[in-house]
Each structure stands twice: as structure tokens, then as C-alpha cells.
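Below is coords03.cif, holding mmCIF, C-alpha atoms.
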data_run
loop_
_atom_site.group_PDB
_atom_site.id
_atom_site.type_symbol
_atom_site.label_atom_id
_atom_site.label_comp_id
_atom_site.auth_asym_id
_atom_site.auth_seq_id
_atom_site.Cartn_x
_atom_site.Cartn_y
_atom_site.Cartn_z
ATOM 1 C CA MET A 1 87.930 80.216 68.290
ATOM 2 C CA ARG A 2 84.258 81.063 67.766
ATOM 3 C CA ILE A 3 83.453 77.492 66.763
ATOM 4 C CA MET A 4 85.115 76.117 69.890
ATOM 5 C CA LEU A 5 83.437 78.648 72.198
ATOM 6 C CA SER A 6 80.081 78.007 70.559
ATOM 7 C CA ARG A 7 80.488 74.255 71.030
ATOM 8 C CA PHE A 8 81.475 74.677 74.692
ATOM 9 C CA MET A 9 78.575 77.034 75.370
ATOM 10 C CA THR A 10 76.100 74.715 73.648
ATOM 11 C CA GLU A 11 77.397 71.787 75.704
ATOM 12 C CA LEU A 12 76.849 73.931 78.811
ATOM 13 C CA GLY A 13 73.212 74.517 77.815
ATOM 14 C CA PHE A 14 73.394 77.944 76.170
ATOM 15 C CA THR A 15 72.003 79.033 72.803
ATOM 16 C CA CYS A 16 74.706 80.867 70.863
ATOM 17 C CA GLY A 17 74.993 83.619 68.328
ATOM 18 C CA GLU A 18 78.194 84.841 66.729
ATOM 19 C CA ALA A 19 79.735 88.053 65.456
ATOM 20 C CA GLY A 20 83.020 88.459 63.602
ATOM 21 C CA HIS A 21 83.977 91.749 65.234
ATOM 22 C CA GLY A 22 82.866 94.320 67.749
ATOM 23 C CA LYS A 23 80.813 96.451 65.361
ATOM 24 C CA GLU A 24 78.872 93.403 64.232
ATOM 25 C CA ALA A 25 78.351 92.382 67.870
ATOM 26 C CA LEU A 26 76.990 95.839 68.743
ATOM 27 C CA ALA A 27 74.580 95.639 65.818
ATOM 28 C CA LYS A 28 73.398 92.197 66.996
ATOM 29 C CA LEU A 29 72.838 93.563 70.515
ATOM 30 C CA GLN A 30 70.732 96.387 69.125
ATOM 31 C CA GLN A 31 68.808 94.047 66.827
ATOM 32 C CA ASP A 32 68.345 90.998 69.068
ATOM 33 C CA GLY A 33 68.654 92.416 72.578
ATOM 34 C CA ALA A 34 71.124 91.425 75.249
ATOM 35 C CA PRO A 35 71.969 87.751 75.753
ATOM 36 C CA ASP A 36 72.867 86.197 79.109
ATOM 37 C CA VAL A 37 76.579 86.662 78.427
ATOM 38 C CA VAL A 38 78.949 87.906 75.738
ATOM 39 C CA LEU A 39 82.314 86.248 75.199
ATOM 40 C CA CYS A 40 84.650 88.478 73.243
ATOM 41 C CA ASP A 41 88.236 88.411 72.092
ATOM 42 C CA TRP A 42 90.546 91.362 72.525
ATOM 43 C CA ASN A 43 91.907 90.928 68.995
ATOM 44 C CA MET A 44 89.113 91.509 66.497
ATOM 45 C CA PRO A 45 89.052 93.536 63.281
ATOM 46 C CA GLU A 46 87.128 96.818 62.923
ATOM 47 C CA MET A 47 86.460 97.152 66.668
ATOM 48 C CA ASN A 48 88.592 95.264 69.154
ATOM 49 C CA GLY A 49 87.288 93.677 72.330
ATOM 50 C CA LEU A 50 88.328 96.525 74.602
ATOM 51 C CA GLU A 51 86.574 99.045 72.355
ATOM 52 C CA PHE A 52 83.514 96.773 72.302
ATOM 53 C CA VAL A 53 83.394 96.555 76.097
ATOM 54 C CA LYS A 54 83.680 100.340 76.390
ATOM 55 C CA ALA A 55 80.915 100.869 73.811
ATOM 56 C CA VAL A 56 78.591 98.421 75.562
ATOM 57 C CA ARG A 57 79.230 99.937 78.988
ATOM 58 C CA ALA A 58 78.544 103.427 77.592
ATOM 59 C CA ASP A 59 74.924 102.348 76.965
ATOM 60 C CA ALA A 60 72.915 102.021 80.201
ATOM 61 C CA GLN A 61 70.503 99.484 78.700
ATOM 62 C CA TYR A 62 73.360 96.941 78.831
ATOM 63 C CA ASN A 63 74.402 97.573 82.437
ATOM 64 C CA ALA A 64 73.368 94.062 83.494
ATOM 65 C CA LEU A 65 75.008 92.317 80.518
ATOM 66 C CA LYS A 66 77.785 89.939 81.578
ATOM 67 C CA ILE A 67 80.952 90.190 79.459
ATOM 68 C CA VAL A 68 83.825 87.707 79.515
ATOM 69 C CA MET A 69 86.998 88.672 77.678
ATOM 70 C CA ALA A 70 88.393 85.398 76.256
ATOM 71 C CA THR A 71 91.784 86.123 74.756
ATOM 72 C CA THR A 72 95.480 85.369 74.373
ATOM 73 C CA GLU A 73 96.295 88.781 75.847
ATOM 74 C CA THR A 74 97.701 87.883 79.248
ATOM 75 C CA GLU A 75 99.566 91.011 80.330
ATOM 76 C CA ALA A 76 98.411 92.236 83.719
ATOM 77 C CA SER A 77 97.894 95.724 82.277
ATOM 78 C CA GLN A 78 95.515 94.362 79.638
ATOM 79 C CA VAL A 79 93.546 92.352 82.171
ATOM 80 C CA SER A 80 93.291 95.512 84.264
ATOM 81 C CA GLN A 81 92.190 97.620 81.270
ATOM 82 C CA ALA A 82 89.461 95.136 80.347
ATOM 83 C CA MET A 83 88.138 94.915 83.887
ATOM 84 C CA GLU A 84 88.240 98.700 84.340
ATOM 85 C CA ALA A 85 86.373 99.106 81.025
ATOM 86 C CA GLY A 86 83.597 96.875 82.333
ATOM 87 C CA ALA A 87 84.403 93.244 81.527
ATOM 88 C CA ASN A 88 83.059 91.005 84.288
ATOM 89 C CA GLU A 89 85.600 88.210 83.851
ATOM 90 C CA TYR A 90 88.772 87.489 81.903
ATOM 91 C CA LEU A 91 89.513 84.049 80.442
ATOM 92 C CA MET A 92 93.009 83.495 79.085
ATOM 93 C CA LYS A 93 93.687 81.181 76.149
ATOM 94 C CA PRO A 94 94.259 78.341 75.950
ATOM 95 C CA PHE A 95 91.239 77.400 78.016
ATOM 96 C CA THR A 96 88.994 74.407 78.470
ATOM 97 C CA LYS A 97 85.261 73.945 78.750
ATOM 98 C CA ASP A 98 85.797 73.503 82.502
ATOM 99 C CA SER A 99 87.630 76.825 82.847
ATOM 100 C CA LEU A 100 84.884 78.548 80.834
ATOM 101 C CA GLN A 101 82.262 76.927 83.049
ATOM 102 C CA GLY A 102 84.157 78.178 86.103
ATOM 103 C CA LYS A 103 83.927 81.770 84.857
ATOM 104 C CA LEU A 104 80.221 81.313 84.120
ATOM 105 C CA GLU A 105 79.719 79.934 87.628
ATOM 106 C CA ILE A 106 81.419 83.017 89.096
ATOM 107 C CA LEU A 107 78.930 85.136 87.131
ATOM 108 C CA GLY A 108 75.992 83.065 88.369
ATOM 109 C CA LEU A 109 75.231 81.752 84.893
ATOM 110 C CA ALA A 110 76.160 78.083 85.336
ATOM 111 C CA SER A 111 75.977 75.516 88.081
ATOM 112 C CA ALA A 112 78.938 73.528 89.327
ATOM 113 C CA ALA A 113 79.181 70.187 87.561
#

Can I see the file as C-alpha cells?
Amino acid sequence: MRIMLSRFMTELGFTCGEAGHGKEALAKLQQDGAPDVVLCDWNMPEMNGLEFVKAVRADAQYNALKIVMATTETEASQVSQAMEAGANEYLMKPFTKDSLQGKLEILGLASAA
């Protein structure tokens, strides 16, 4: 999943970093600063995506950070929970580079092809 997302993002002109779980991602944010966008999965060990979104949104320095939840979790209640927690967009698997680009366009981070 991370390899595919990284490839798509690179093809779309982004520089990518990776984290294996939410706690690692939080540490990278604190160490490296906020990127243009974070793509996270709901299902991660140690700290899941929903917990990650809540932790990021609890810190005002990341208010402008764009977060896209990219996951197999497709239940309306989960989409709602993620958006209420502060995710900016929700991308359901399986997805394509074009569908990812569409979400990035909505967030003002990519131009239409």
C-alpha cells in the first residue's frame, strides 16, 4: 500500500516520506515538520488512522495540514468518523492514481491533468 501510494505521489510531483503506523507518523511530523498532505490508512498497528487524525487535530500547529484517509473501510459511519475527527478527504480502496489526483485537486494540491 505504501509503495503504491508513494509511487503515485511521486508520479504526481510530490516528494514522499513514509511511516509504518500513526505513532511513527506523529514523530516524523514533530521531527520534520508538516508536509503538504498526509495519506493515512485506518488500519495501522500501534495507533490507527482515526487515532492519528485525532492526535494531529489536537495540536494547533497542524491545523492547516491536509489529511486524506486512504483505506478499505467503506462504512458510512467510518467515513463520517474520519471526517468529524478532521480528515479532509476520504479515499476508498481500491483506488487509482487518477482518483488520488482527484482528491488532491479537491484539496488544492494538484492541477487537473

Q. So which residues get picked by the PyMOL selection byres ((chain A and resi 25-42) around 9) here, written as a PyMOL selection string?
A. chain A and resi 5+14+16-24+43-44+48-53+55-56+61-62+64-73+82+104+109

Same residues, C-alpha atoms, output as a PDB file, keeping the file's coordinate frame:
ATOM      1  CA  LEU A   5      83.437  78.648  72.198  1.00  0.00           C
ATOM      2  CA  PHE A  14      73.394  77.944  76.170  1.00  0.00           C
ATOM      3  CA  CYS A  16      74.706  80.867  70.863  1.00  0.00           C
ATOM      4  CA  GLY A  17      74.993  83.619  68.328  1.00  0.00           C
ATOM      5  CA  GLU A  18      78.194  84.841  66.729  1.00  0.00           C
ATOM      6  CA  ALA A  19      79.735  88.053  65.456  1.00  0.00           C
ATOM      7  CA  GLY A  20      83.020  88.459  63.602  1.00  0.00           C
ATOM      8  CA  HIS A  21      83.977  91.749  65.234  1.00  0.00           C
ATOM      9  CA  GLY A  22      82.866  94.320  67.749  1.00  0.00           C
ATOM     10  CA  LYS A  23      80.813  96.451  65.361  1.00  0.00           C
ATOM     11  CA  GLU A  24      78.872  93.403  64.232  1.00  0.00           C
ATOM     12  CA  ASN A  43      91.907  90.928  68.995  1.00  0.00           C
ATOM     13  CA  MET A  44      89.113  91.509  66.497  1.00  0.00           C
ATOM     14  CA  ASN A  48      88.592  95.264  69.154  1.00  0.00           C
ATOM     15  CA  GLY A  49      87.288  93.677  72.330  1.00  0.00           C
ATOM     16  CA  LEU A  50      88.328  96.525  74.602  1.00  0.00           C
ATOM     17  CA  GLU A  51      86.574  99.045  72.355  1.00  0.00           C
ATOM     18  CA  PHE A  52      83.514  96.773  72.302  1.00  0.00           C
ATOM     19  CA  VAL A  53      83.394  96.555  76.097  1.00  0.00           C
ATOM     20  CA  ALA A  55      80.915 100.869  73.811  1.00  0.00           C
ATOM     21  CA  VAL A  56      78.591  98.421  75.562  1.00  0.00           C
ATOM     22  CA  GLN A  61      70.503  99.484  78.700  1.00  0.00           C
ATOM     23  CA  TYR A  62      73.360  96.941  78.831  1.00  0.00           C
ATOM     24  CA  ALA A  64      73.368  94.062  83.494  1.00  0.00           C
ATOM     25  CA  LEU A  65      75.008  92.317  80.518  1.00  0.00           C
ATOM     26  CA  LYS A  66      77.785  89.939  81.578  1.00  0.00           C
ATOM     27  CA  ILE A  67      80.952  90.190  79.459  1.00  0.00           C
ATOM     28  CA  VAL A  68      83.825  87.707  79.515  1.00  0.00           C
ATOM     29  CA  MET A  69      86.998  88.672  77.678  1.00  0.00           C
ATOM     30  CA  ALA A  70      88.393  85.398  76.256  1.00  0.00           C
ATOM     31  CA  THR A  71      91.784  86.123  74.756  1.00  0.00           C
ATOM     32  CA  THR A  72      95.480  85.369  74.373  1.00  0.00           C
ATOM     33  CA  GLU A  73      96.295  88.781  75.847  1.00  0.00           C
ATOM     34  CA  ALA A  82      89.461  95.136  80.347  1.00  0.00           C
ATOM     35  CA  LEU A 104      80.221  81.313  84.120  1.00  0.00           C
ATOM     36  CA  LEU A 109      75.231  81.752  84.893  1.00  0.00           C
TER      37      LEU A 109
END

Q | Selection dump of the PyMOL selection byres ((chain A and resi 94) around 12), as a VMD selection string | A | chain A and resid 1 4 to 5 70 to 74 91 to 93 95 to 100

Could those selected residues go to a file with C-alpha atoms, as an mmCIF file, in the frame of the given file?
data_model
loop_
_atom_site.group_PDB
_atom_site.id
_atom_site.type_symbol
_atom_site.label_atom_id
_atom_site.label_comp_id
_atom_site.auth_asym_id
_atom_site.auth_seq_id
_atom_site.Cartn_x
_atom_site.Cartn_y
_atom_site.Cartn_z
ATOM 1 C CA MET A 1 87.930 80.216 68.290
ATOM 2 C CA MET A 4 85.115 76.117 69.890
ATOM 3 C CA LEU A 5 83.437 78.648 72.198
ATOM 4 C CA ALA A 70 88.393 85.398 76.256
ATOM 5 C CA THR A 71 91.784 86.123 74.756
ATOM 6 C CA THR A 72 95.480 85.369 74.373
ATOM 7 C CA GLU A 73 96.295 88.781 75.847
ATOM 8 C CA THR A 74 97.701 87.883 79.248
ATOM 9 C CA LEU A 91 89.513 84.049 80.442
ATOM 10 C CA MET A 92 93.009 83.495 79.085
ATOM 11 C CA LYS A 93 93.687 81.181 76.149
ATOM 12 C CA PHE A 95 91.239 77.400 78.016
ATOM 13 C CA THR A 96 88.994 74.407 78.470
ATOM 14 C CA LYS A 97 85.261 73.945 78.750
ATOM 15 C CA ASP A 98 85.797 73.503 82.502
ATOM 16 C CA SER A 99 87.630 76.825 82.847
ATOM 17 C CA LEU A 100 84.884 78.548 80.834
#

**Q.** Output of the PyMOL selection byres ((chain A and resi 86) around 7), listed as a ChimeraX atom specification
**A.** /A:53-54,57,82-85,87-88

Q) Which neighbours of A:Gly102 fall inside 9 Å, counting all atoms listed in the file, when residues of the same chain fewer than 5 positions from it are skipped, and could you give them as number ranges by chain? A) A: 97, 107, 110-112

Would you output that residue set with C-alpha atoms, as a PDB file, in the coordinates of the input?
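The result, stored in out-v4.pdb:
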ATOM      1  CA  LYS A  97      85.261  73.945  78.750  1.00  0.00           C
ATOM      2  CA  LEU A 107      78.930  85.136  87.131  1.00  0.00           C
ATOM      3  CA  ALA A 110      76.160  78.083  85.336  1.00  0.00           C
ATOM      4  CA  SER A 111      75.977  75.516  88.081  1.00  0.00           C
ATOM      5  CA  ALA A 112      78.938  73.528  89.327  1.00  0.00           C
TER       6      ALA A 112
END

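Atom pair atom CA of A:Pro45 / atom CA of A:Lys103 has a distance of 25.1 Å (rounded to one decimal).
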
Kindly reconstruct stretch 17-28 of chain A with all heavy atoms and present the result as a short mmCIF file (atom, residue, chain, number, x, y, z; two decimals), keeping the file's coordinate frame.
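The resulting file, rebuild-v3.cif, is reproduced below:
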data_model
loop_
_atom_site.label_atom_id
_atom_site.label_comp_id
_atom_site.auth_asym_id
_atom_site.auth_seq_id
_atom_site.Cartn_x
_atom_site.Cartn_y
_atom_site.Cartn_z
N GLY A 17 74.93 82.82 69.54
CA GLY A 17 74.99 83.62 68.33
C GLY A 17 76.44 84.03 68.15
O GLY A 17 77.23 83.92 69.10
N GLU A 18 76.80 84.47 66.98
CA GLU A 18 78.19 84.84 66.73
C GLU A 18 78.28 86.16 65.99
O GLU A 18 77.37 86.54 65.25
CB GLU A 18 78.89 83.77 65.88
CG GLU A 18 79.02 82.43 66.55
CD GLU A 18 79.77 81.43 65.68
OE1 GLU A 18 80.57 81.84 64.82
OE2 GLU A 18 79.55 80.22 65.88
N ALA A 19 79.40 86.83 66.20
CA ALA A 19 79.74 88.05 65.46
C ALA A 19 81.23 88.01 65.17
O ALA A 19 82.01 87.53 66.00
CB ALA A 19 79.38 89.29 66.27
N GLY A 20 81.63 88.51 64.01
CA GLY A 20 83.02 88.46 63.60
C GLY A 20 83.88 89.57 64.16
O GLY A 20 85.10 89.48 64.15
N HIS A 21 83.23 90.62 64.66
CA HIS A 21 83.98 91.75 65.23
C HIS A 21 83.04 92.58 66.10
O HIS A 21 81.82 92.34 66.13
CB HIS A 21 84.64 92.60 64.14
CG HIS A 21 83.70 93.03 63.05
ND1 HIS A 21 82.79 94.05 63.21
CD2 HIS A 21 83.53 92.56 61.79
CE1 HIS A 21 82.10 94.21 62.08
NE2 HIS A 21 82.53 93.31 61.21
N GLY A 22 83.62 93.53 66.80
CA GLY A 22 82.87 94.32 67.75
C GLY A 22 81.71 95.10 67.16
O GLY A 22 80.63 95.18 67.76
N LYS A 23 81.90 95.68 65.98
CA LYS A 23 80.81 96.45 65.36
C LYS A 23 79.63 95.55 65.02
O LYS A 23 78.47 95.92 65.22
CB LYS A 23 81.31 97.17 64.11
CG LYS A 23 82.19 98.36 64.41
CD LYS A 23 82.59 99.09 63.14
CE LYS A 23 83.46 100.28 63.47
NZ LYS A 23 83.88 101.00 62.27
N GLU A 24 79.93 94.35 64.53
CA GLU A 24 78.87 93.40 64.23
C GLU A 24 78.17 92.97 65.52
O GLU A 24 76.94 92.85 65.55
CB GLU A 24 79.45 92.18 63.51
CG GLU A 24 78.43 91.17 63.08
CD GLU A 24 79.04 89.96 62.38
OE1 GLU A 24 80.24 89.97 62.05
OE2 GLU A 24 78.28 88.99 62.18
N ALA A 25 78.93 92.77 66.58
CA ALA A 25 78.35 92.38 67.87
C ALA A 25 77.43 93.48 68.41
O ALA A 25 76.35 93.19 68.93
CB ALA A 25 79.46 92.06 68.87
N LEU A 26 77.85 94.73 68.30
CA LEU A 26 76.99 95.84 68.74
C LEU A 26 75.68 95.87 67.96
O LEU A 26 74.61 96.08 68.53
CB LEU A 26 77.72 97.18 68.60
CG LEU A 26 78.74 97.52 69.66
CD1 LEU A 26 79.43 98.84 69.33
CD2 LEU A 26 78.11 97.58 71.04
N ALA A 27 75.78 95.65 66.65
CA ALA A 27 74.58 95.64 65.82
C ALA A 27 73.65 94.50 66.24
O ALA A 27 72.43 94.67 66.30
CB ALA A 27 74.96 95.51 64.34
N LYS A 28 74.22 93.33 66.55
CA LYS A 28 73.40 92.20 67.00
C LYS A 28 72.73 92.50 68.34
O LYS A 28 71.58 92.13 68.55
CB LYS A 28 74.24 90.93 67.10
CG LYS A 28 74.60 90.33 65.74
CD LYS A 28 75.37 89.04 65.86
CE LYS A 28 74.51 87.89 66.27
NZ LYS A 28 73.62 87.33 65.29
#
